[in-house]
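Undergrad: Here it is, the structure, as structure tokens.
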Amino acid sequence: MREYSVPASFTIGEHDNVVSPVYSHERTDPNYVILQRLVDGAWTDVTCAEVAAQIRSAALGLIANGVRAGDRVAILSATRYEWVILDYAILSVGGVTVPIYETSSAEQVRWVLEDSGAVLVITETEGHAQMVSELRDDLPALRKTLHLESAGPTALDELADGAAGTDPAELDHRLAGLRSADPATLIYTSGTTGRPKGVELTHANLLSETLGATSCFPTLLRQNERLLVFLPLAHVLARGLSMTAFANKVTLGYTSDIKNLVPMLQVFKPTIVVSVPRVFEKVYNTAELNARDSGKGRIFELAAKTAIAYSEALETTPPNLLLKAAHAVFDRLVYGKLRAALGGDCRAAISGGAPLGKRLGHFYRGVGLSIYEGYGLTETSAAITVNRIGELKVGSVGKLVPGNSMRVADDGELLVKGGVVFDGYWRNEKATAEAIVDGWFHTGDLASVDADGFLSITGRKKEIIVTAGGKNVAPAVLEDALRAHPLISQAMAVGDNQPFIGVLITIDPEAFEVWKPHHGKPAGASVDDLREDPDLVAEIEMAVKDANQHVSHAESIRKFRVLPFDFTVQTGELTPTLKVKRNVVAEKFAGEIAAIYAK
């Protein structure tokens, strides 16, 4: 096994911690606008001094509420301004932040609060508060619940009241006592199989991530750049990038209002966007659908092909004059509009959480928005590899973040170790021993590394489909190609121990509403009504045919089933970062899978 290592370009001292930028920014640049907060629909400036004052007040309030160093404090909330204030406040007092997705079920919330032993929880909505209230009898460690949205005093108000009677010197004492080896956060895995495991990350882990990311993106993550965070802060990718941006004085905004994201982007005008592939996919599919609907489908198709060809040419020889001319024409007609949809100032994007795919990577680079795809897990504090400016290979997940190592085992599994890699699961020695062997964390992902040190993920070890004929099939290639069709929202390949590969397809609800009138279908018809309609079936058959061109005959899709409704986080088929929970889908749609293989 060949090992790849990149030495750290930074050092982490014994007393270094991720919260120190809050107070150093306050001292050195108090009037700099570090955050913007949505107030009555308008983005309002918040300076370094104002942010630090709010965090200090919340931290003193936590001390007043008996939160000690090492205590776990949970945040059950969507991404919002207060989330960040509370996170830094918890860290300031030596506490451990336990994020919980706002979409979590009562059972998931109960498990996280019970297993972590959280002493205090901050909830966002009345529904969240009611859920926790009903669980209190099962949570002996939980002493108090605070609420972000409340008819009475909010969480920050209550903490400020407590701060008024607390000696500020106590916070100074807590800050002085922080160590880089101290635990900073306990993040529970999404739990697609079995109970979620608590991943304990230290200040040193998070610092390795923020300092490593800074060295990879020195011109994107710096003062006066702008980042709008809309992914869940409960996910390590959004949290890690947010911390990195804050440390480097990137001006940050926070929202969970995905439905109004496009108009919000046009007002906030970010210079960089961080997202998961499904969002980039959705932007592409919506643009294609709108073009088709307005009679400009052929123009968009040519523009997309030109963008991809232009990007591919950049990897070998410079684009020829004909390609350059076509690219310039489509830049005026199509590409400029796509960039404008992101606010007009966005120069680059960072993608993680799932594979992006070459098609989208080349398309976006071709339209002038390079997507720097990275790879990581909760256990690696977000990215452990990433593409970067000057070192971008579309289709790969980049090179190692400084301070880390990787190797590919004989069975193709990726093993990693280094500054960003956790030491073990919370109170779960068995899982830790299974995951970390001889100092190497076994990721569960199948990978390859090329001669230049670029990592490519070829699939999940547990997701490989083995057909009855013994053929090993990685489903990601097929699924990515299928999702390229504007009508298709999700695709999940099946076929374990079966004679051939099949696939479950869901239809994008927005695209479906546009498709119906163009094909003479009743306006009120649902996907369930039309899932065996000849026109819809023919459209999906075309998508399947295109997807099959990416694989060998033995790996190709022979049959498919259109499901009656789309997958969502709320109905349980998707994780909060929009990845398909394969085991949940397989169980819920066992009848549909059986129908694929019925004689």
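Following the order of the structure tokens, chains are lettered A, B, ..., residues in each are numbered from 1, and ligands are numbered from 1.
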Excluding segment 131-136 of chain A and residues on its chain fewer than 3 positions from it, collect all residues at most 9 Å away from it, counting only C-alpha atoms, and give them as an MDAnalysis selection string.
TA: chainID A and resid 105:106 109:110 121 123 126:128 139:140 142 145
Undergrad: Keeping N, CA and C atoms, export the residues of the selection given above as a short mmCIF file (atom, residue, chain, number, x, y, z; two decimals), in the first residue's frame.
TA:
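Output contents, as saved in out38.cif:
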data_model
loop_
_atom_site.label_atom_id
_atom_site.label_comp_id
_atom_site.auth_asym_id
_atom_site.auth_seq_id
_atom_site.Cartn_x
_atom_site.Cartn_y
_atom_site.Cartn_z
N SER A 105 -36.29 13.43 14.29
CA SER A 105 -37.49 12.88 14.91
C SER A 105 -37.33 12.91 16.43
N ALA A 106 -38.43 12.69 17.14
CA ALA A 106 -38.38 12.68 18.61
C ALA A 106 -37.42 11.60 19.12
N VAL A 109 -33.83 12.80 18.62
CA VAL A 109 -33.51 13.83 19.60
C VAL A 109 -33.29 13.19 20.97
N ARG A 110 -34.17 12.27 21.32
CA ARG A 110 -34.03 11.58 22.62
C ARG A 110 -32.69 10.87 22.71
N VAL A 121 -30.28 22.35 26.68
CA VAL A 121 -30.58 22.31 25.25
C VAL A 121 -31.24 23.62 24.85
N THR A 123 -33.58 25.13 21.97
CA THR A 123 -34.46 24.74 20.88
C THR A 123 -34.86 25.96 20.06
N GLU A 126 -41.43 26.25 18.66
CA GLU A 126 -42.33 25.73 19.70
C GLU A 126 -42.45 24.21 19.60
N GLY A 127 -42.44 23.71 18.36
CA GLY A 127 -42.52 22.26 18.15
C GLY A 127 -41.33 21.54 18.75
N HIS A 128 -40.13 22.13 18.57
CA HIS A 128 -38.93 21.55 19.17
C HIS A 128 -39.03 21.56 20.70
N LEU A 139 -34.54 11.94 30.33
CA LEU A 139 -33.28 12.67 30.23
C LEU A 139 -32.86 13.22 31.59
N PRO A 140 -32.33 12.36 32.47
CA PRO A 140 -32.00 12.79 33.83
C PRO A 140 -30.90 13.85 33.90
N LEU A 142 -30.49 16.35 31.78
CA LEU A 142 -30.93 17.64 31.24
C LEU A 142 -31.54 18.51 32.34
N THR A 145 -34.05 23.96 29.48
CA THR A 145 -34.27 24.18 28.05
C THR A 145 -34.49 25.67 27.83
#
Undergrad: Please identify all polymer residues within 7 Å of Arg407 of chain A, counting only C-alpha atoms, omitting same-chain residues fewer than 2 positions from it, and present them as a list of chain:residue names.
TA: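 Surrounding residues, per the criterion: A:Met1, A:Arg2, A:Glu3, A:Tyr4, A:Ala409, A:Leu414, A:Leu415, A:Val416.
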Undergrad: Which residues of segment 23-107 of chain A have any atom within 7 Å of an atom in segment 166-173 of chain A when counting only C-alpha atoms, and what is the closest pair of atoms for each, with the distance in Å to one decimal? Order the rows by chain and rising number and write it as JSON lines.
TA:
{"residue": "A:Leu60", "atom": "CA", "partner": "A:Thr166", "partner_atom": "CA", "distance": 6.2}
{"residue": "A:Ala64", "atom": "CA", "partner": "A:Thr166", "partner_atom": "CA", "distance": 6.3}
{"residue": "A:Val93", "atom": "CA", "partner": "A:Leu171", "partner_atom": "CA", "distance": 6.4}
Undergrad: Running DSSP on the backbone, which parts of segment 422-578 of chain A land in alpha helix (DSSP H), as a PyMOL selection string?
TA: chain A and resi 429-435+475-482+509-518+527-530+534-548
Undergrad: Restricting the calculation to only C-alpha atoms, which member of A:Gly198, A:Pro153, A:Gly253, A:Pro499 is positioned closest to Tyr425 of chain A?
TA: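 Of the candidates, the smallest distance to Tyr425 of chain A is held by A:Gly198.
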Undergrad: Kindly indicate which residue among A:Val408, A:Leu338, A:Leu175, A:Ala163 lies nearest to Gly66 of chain A, using only C-alpha atoms for the distances.
TA: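 Selected residue with least distance to Gly66 of chain A: A:Ala163.
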Undergrad: Here is a test: counting only C-alpha atoms, which residue of A:Val585, A:Ala598, A:Ala59, A:Val420 is nearest to Gln498 of chain A?
TA: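 Nearest to Gln498 of chain A: A:Ala598.
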Undergrad: Check the DSSP output for the backbone and give back, as a CSV table (one decimal) with C-alpha atoms, in the first residue's frame, the residues of segment 129-254 of chain A in strand (DSSP E).
TA:
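The file below, states-v9.csv, is the result:
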chain,number,residue,atom,x,y,z
A,144,LYS,CA,-32.8,23.3,31.5
A,145,THR,CA,-34.3,24.2,28.1
A,146,LEU,CA,-34.0,27.6,26.4
A,147,HIS,CA,-35.9,28.7,23.4
A,183,PRO,CA,-13.3,18.3,23.3
A,184,ALA,CA,-15.1,21.0,21.4
A,185,THR,CA,-18.1,19.3,19.8
A,186,LEU,CA,-19.9,16.0,19.8
A,187,ILE,CA,-21.6,15.4,16.3
A,188,TYR,CA,-23.8,12.5,15.8
A,198,GLY,CA,-21.2,10.5,18.6
A,199,VAL,CA,-18.1,11.8,16.9
A,200,GLU,CA,-16.0,13.7,19.4
A,201,LEU,CA,-13.8,16.4,17.8
A,202,THR,CA,-11.3,18.5,19.8
A,226,ARG,CA,-18.5,37.2,1.5
A,227,LEU,CA,-20.0,33.8,2.4
A,228,LEU,CA,-23.7,33.0,2.8
A,229,VAL,CA,-24.2,29.8,4.8
A,251,THR,CA,-18.2,38.5,6.1
A,252,LEU,CA,-20.8,35.9,6.9
A,253,GLY,CA,-24.6,35.6,6.6
A,254,TYR,CA,-26.8,32.7,7.7
Undergrad: Extract, using only C-alpha atoms, all DNA, RNA and protein residues at most 8 Å from Cys216 of chain A, discarding same-chain residues fewer than 4 positions from it, and format them as a PyMOL selection string.
TA: chain A and resi 212+386+388-389+401
Undergrad: Go ahead and write the selection's residues with N, CA and C atoms as a PDB file, in the first residue's frame.
TA:
ATOM      1  N   GLY A 212      -5.906  24.285   7.802  1.00  0.00           N
ATOM      2  CA  GLY A 212      -5.659  23.579   6.548  1.00  0.00           C
ATOM      3  C   GLY A 212      -6.470  24.155   5.407  1.00  0.00           C
ATOM      4  N   VAL A 386      -9.070  18.151  -0.849  1.00  0.00           N
ATOM      5  CA  VAL A 386      -9.834  19.192  -1.536  1.00  0.00           C
ATOM      6  C   VAL A 386      -9.090  19.653  -2.785  1.00  0.00           C
ATOM      7  N   ARG A 388      -8.159  22.765  -5.214  1.00  0.00           N
ATOM      8  CA  ARG A 388      -7.885  24.158  -4.861  1.00  0.00           C
ATOM      9  C   ARG A 388      -7.445  24.944  -6.082  1.00  0.00           C
ATOM     10  N   ILE A 389      -7.372  26.252  -5.935  1.00  0.00           N
ATOM     11  CA  ILE A 389      -6.984  27.118  -7.047  1.00  0.00           C
ATOM     12  C   ILE A 389      -5.595  26.712  -7.536  1.00  0.00           C
ATOM     13  N   VAL A 401      -5.417  17.798   2.514  1.00  0.00           N
ATOM     14  CA  VAL A 401      -5.282  19.018   3.304  1.00  0.00           C
ATOM     15  C   VAL A 401      -4.005  18.857   4.138  1.00  0.00           C
TER      16      VAL A 401
END
Undergrad: Extract, using only C-alpha atoms, all DNA, RNA and protein residues at most 12 Å from Glu102 of chain A, discarding same-chain residues fewer than 6 positions from it, and format them as a ChimeraX atom specification.
TA: /A:74-80,83,108-109,122-129,131,231-235,256,569-570,575-576
Undergrad: Selection from above, C-alpha atoms, as an mmCIF file, in the first residue's frame, can you write it?
TA:
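The new file selection23.cif reads:
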data_model
loop_
_atom_site.group_PDB
_atom_site.id
_atom_site.type_symbol
_atom_site.label_atom_id
_atom_site.label_comp_id
_atom_site.auth_asym_id
_atom_site.auth_seq_id
_atom_site.Cartn_x
_atom_site.Cartn_y
_atom_site.Cartn_z
ATOM 1 C CA ALA A 74 -27.197 20.871 22.620
ATOM 2 C CA ILE A 75 -28.505 23.182 19.888
ATOM 3 C CA LEU A 76 -31.677 21.939 18.146
ATOM 4 C CA SER A 77 -32.119 24.505 15.400
ATOM 5 C CA ALA A 78 -31.870 25.290 11.716
ATOM 6 C CA THR A 79 -29.029 27.478 10.455
ATOM 7 C CA ARG A 80 -29.418 31.027 11.784
ATOM 8 C CA TRP A 83 -26.693 29.359 16.245
ATOM 9 C CA GLN A 108 -33.400 10.814 17.278
ATOM 10 C CA VAL A 109 -33.506 13.828 19.604
ATOM 11 C CA ILE A 122 -31.457 25.363 23.139
ATOM 12 C CA THR A 123 -34.464 24.735 20.881
ATOM 13 C CA GLU A 124 -35.598 26.821 17.932
ATOM 14 C CA THR A 125 -39.353 26.388 17.451
ATOM 15 C CA GLU A 126 -42.333 25.730 19.698
ATOM 16 C CA GLY A 127 -42.517 22.261 18.146
ATOM 17 C CA HIS A 128 -38.935 21.549 19.171
ATOM 18 C CA ALA A 129 -39.595 22.836 22.686
ATOM 19 C CA MET A 131 -40.768 17.618 21.766
ATOM 20 C CA LEU A 231 -26.439 24.337 4.753
ATOM 21 C CA PRO A 232 -27.336 22.947 8.189
ATOM 22 C CA LEU A 233 -24.804 24.075 10.812
ATOM 23 C CA ALA A 234 -25.458 20.716 12.456
ATOM 24 C CA HIS A 235 -23.404 19.263 9.577
ATOM 25 C CA SER A 256 -32.136 28.230 6.283
ATOM 26 C CA VAL A 569 -35.810 14.659 4.725
ATOM 27 C CA GLN A 570 -39.204 14.915 6.436
ATOM 28 C CA THR A 575 -30.333 12.689 5.315
ATOM 29 C CA PRO A 576 -30.299 16.427 6.186
#
Undergrad: Smallest atom-to-atom distance to Ala176 of chain A: which of A:Asp87, A:Glu14, A:Asp45, A:Glu315, using only C-alpha atoms?
TA: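 Of all the options, A:Glu14 lies closest to Ala176 of chain A.
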Undergrad: Excluding segment 438-444 of chain A and residues on its chain fewer than 5 positions from it, collect all residues at most 12 Å away from it, counting only C-alpha atoms, and give them as an NGL selection string.
TA: :A and (3 or 375-380 or 384 or 404-409 or 411-418 or 420-425 or 431-433 or 457-464)
Undergrad: Take the selection from the previous step and output its residues with N, CA and C atoms, as an mmCIF file, in the first residue's frame.
TA:
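This went into result_22.cif:
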data_model
loop_
_atom_site.group_PDB
_atom_site.id
_atom_site.type_symbol
_atom_site.label_atom_id
_atom_site.label_comp_id
_atom_site.auth_asym_id
_atom_site.auth_seq_id
_atom_site.Cartn_x
_atom_site.Cartn_y
_atom_site.Cartn_z
ATOM 1 N N GLU A 3 1.577 5.073 0.666
ATOM 2 C CA GLU A 3 1.059 6.096 1.582
ATOM 3 C C GLU A 3 1.346 7.486 1.030
ATOM 4 N N TYR A 375 -13.400 16.093 -0.059
ATOM 5 C CA TYR A 375 -13.888 14.850 0.526
ATOM 6 C C TYR A 375 -13.608 14.847 2.024
ATOM 7 N N GLY A 376 -14.566 14.366 2.762
ATOM 8 C CA GLY A 376 -14.371 14.227 4.191
ATOM 9 C C GLY A 376 -15.586 13.609 4.832
ATOM 10 N N LEU A 377 -15.478 13.360 6.111
ATOM 11 C CA LEU A 377 -16.550 12.775 6.907
ATOM 12 C C LEU A 377 -16.627 13.546 8.216
ATOM 13 N N THR A 378 -17.672 13.303 8.985
ATOM 14 C CA THR A 378 -17.725 13.904 10.310
ATOM 15 C C THR A 378 -16.458 13.550 11.086
ATOM 16 N N GLU A 379 -16.005 12.313 10.924
ATOM 17 C CA GLU A 379 -14.826 11.824 11.648
ATOM 18 C C GLU A 379 -13.534 12.522 11.226
ATOM 19 N N THR A 380 -13.554 13.252 10.101
ATOM 20 C CA THR A 380 -12.360 13.990 9.661
ATOM 21 C C THR A 380 -12.572 15.507 9.752
ATOM 22 N N ILE A 384 -10.740 16.345 4.294
ATOM 23 C CA ILE A 384 -9.367 15.864 4.458
ATOM 24 C C ILE A 384 -8.628 15.928 3.118
ATOM 25 N N ASN A 404 -2.042 15.793 7.002
ATOM 26 C CA ASN A 404 -2.778 14.534 6.978
ATOM 27 C C ASN A 404 -2.143 13.511 6.043
ATOM 28 N N SER A 405 -2.570 12.254 6.182
ATOM 29 C CA SER A 405 -2.049 11.157 5.367
ATOM 30 C C SER A 405 -3.198 10.269 4.906
ATOM 31 N N MET A 406 -2.971 9.553 3.803
ATOM 32 C CA MET A 406 -3.969 8.597 3.319
ATOM 33 C C MET A 406 -3.263 7.431 2.636
ATOM 34 N N ARG A 407 -3.957 6.320 2.592
ATOM 35 C CA ARG A 407 -3.506 5.156 1.831
ATOM 36 C C ARG A 407 -4.743 4.388 1.380
ATOM 37 N N VAL A 408 -4.584 3.625 0.310
ATOM 38 C CA VAL A 408 -5.683 2.796 -0.182
ATOM 39 C C VAL A 408 -5.337 1.353 0.119
ATOM 40 N N ALA A 409 -6.203 0.679 0.890
ATOM 41 C CA ALA A 409 -5.967 -0.709 1.288
ATOM 42 C C ALA A 409 -6.086 -1.644 0.089
ATOM 43 N N ASP A 411 -8.102 -3.925 -0.508
ATOM 44 C CA ASP A 411 -9.482 -4.115 -0.985
ATOM 45 C C ASP A 411 -10.090 -2.832 -1.533
ATOM 46 N N GLY A 412 -9.266 -1.772 -1.652
ATOM 47 C CA GLY A 412 -9.737 -0.515 -2.240
ATOM 48 C C GLY A 412 -10.269 0.494 -1.254
ATOM 49 N N GLU A 413 -10.325 0.138 0.057
ATOM 50 C CA GLU A 413 -10.871 1.071 1.045
ATOM 51 C C GLU A 413 -9.861 2.171 1.365
ATOM 52 N N LEU A 414 -10.368 3.381 1.509
ATOM 53 C CA LEU A 414 -9.530 4.522 1.860
ATOM 54 C C LEU A 414 -9.293 4.572 3.368
ATOM 55 N N LEU A 415 -8.032 4.668 3.771
ATOM 56 C CA LEU A 415 -7.646 4.808 5.173
ATOM 57 C C LEU A 415 -6.987 6.174 5.351
ATOM 58 N N VAL A 416 -7.276 6.860 6.461
ATOM 59 C CA VAL A 416 -6.725 8.197 6.681
ATOM 60 C C VAL A 416 -6.273 8.372 8.126
ATOM 61 N N LYS A 417 -5.347 9.300 8.315
ATOM 62 C CA LYS A 417 -4.980 9.737 9.656
ATOM 63 C C LYS A 417 -4.394 11.134 9.554
ATOM 64 N N GLY A 418 -4.331 11.834 10.695
ATOM 65 C CA GLY A 418 -3.777 13.181 10.680
ATOM 66 C C GLY A 418 -4.499 14.111 11.624
ATOM 67 N N VAL A 420 -6.863 16.301 11.348
ATOM 68 C CA VAL A 420 -8.324 16.486 11.302
ATOM 69 C C VAL A 420 -9.082 15.240 11.749
ATOM 70 N N VAL A 421 -8.391 14.111 11.916
ATOM 71 C CA VAL A 421 -9.069 12.839 12.181
ATOM 72 C C VAL A 421 -9.338 12.675 13.675
ATOM 73 N N PHE A 422 -10.554 12.312 14.006
ATOM 74 C CA PHE A 422 -10.977 12.161 15.398
ATOM 75 C C PHE A 422 -10.240 11.015 16.087
ATOM 76 N N ASP A 423 -10.351 10.964 17.411
ATOM 77 C CA ASP A 423 -9.697 9.897 18.183
ATOM 78 C C ASP A 423 -10.631 8.744 18.505
ATOM 79 N N GLY A 424 -11.947 8.969 18.382
ATOM 80 C CA GLY A 424 -12.857 7.877 18.691
ATOM 81 C C GLY A 424 -14.279 8.336 18.906
ATOM 82 N N TYR A 425 -15.196 7.356 18.969
ATOM 83 C CA TYR A 425 -16.613 7.629 19.181
ATOM 84 C C TYR A 425 -16.903 7.757 20.677
ATOM 85 N N ALA A 431 -17.096 0.432 18.632
ATOM 86 C CA ALA A 431 -17.133 1.091 17.323
ATOM 87 C C ALA A 431 -15.796 1.755 17.009
ATOM 88 N N THR A 432 -15.153 2.322 18.029
ATOM 89 C CA THR A 432 -13.855 2.965 17.831
ATOM 90 C C THR A 432 -12.809 1.944 17.402
ATOM 91 N N ALA A 433 -12.784 0.799 18.076
ATOM 92 C CA ALA A 433 -11.807 -0.247 17.747
ATOM 93 C C ALA A 433 -12.013 -0.801 16.345
ATOM 94 N N ILE A 457 -13.110 9.074 -5.328
ATOM 95 C CA ILE A 457 -13.944 8.127 -4.578
ATOM 96 C C ILE A 457 -14.774 7.347 -5.583
ATOM 97 N N THR A 458 -14.687 6.028 -5.523
ATOM 98 C CA THR A 458 -15.389 5.201 -6.507
ATOM 99 C C THR A 458 -16.673 4.587 -5.963
ATOM 100 N N GLY A 459 -16.894 4.689 -4.661
ATOM 101 C CA GLY A 459 -18.139 4.178 -4.091
ATOM 102 C C GLY A 459 -17.990 3.889 -2.606
ATOM 103 N N ARG A 460 -19.114 3.555 -1.979
ATOM 104 C CA ARG A 460 -19.101 3.137 -0.575
ATOM 105 C C ARG A 460 -18.954 1.628 -0.537
ATOM 106 N N LYS A 461 -18.112 1.154 0.360
ATOM 107 C CA LYS A 461 -17.889 -0.279 0.490
ATOM 108 C C LYS A 461 -19.216 -1.009 0.710
ATOM 109 N N LYS A 462 -20.071 -0.425 1.574
ATOM 110 C CA LYS A 462 -21.344 -1.068 1.912
ATOM 111 C C LYS A 462 -22.403 -0.893 0.826
ATOM 112 N N GLU A 463 -22.141 0.016 -0.137
ATOM 113 C CA GLU A 463 -23.140 0.275 -1.171
ATOM 114 C C GLU A 463 -22.878 -0.505 -2.453
ATOM 115 N N ILE A 464 -21.731 -1.159 -2.557
ATOM 116 C CA ILE A 464 -21.430 -1.921 -3.760
ATOM 117 C C ILE A 464 -22.483 -3.008 -3.952
#
Undergrad: Set the distance at 8 Å and use only C-alpha atoms: which residues neighbour segment 363-365 of chain A once local chain neighbours fewer than 4 positions away are removed? I'd like the list as an MDAnalysis selection string.
TA: chainID A and resid 304:305 307:308 311 359 369:371
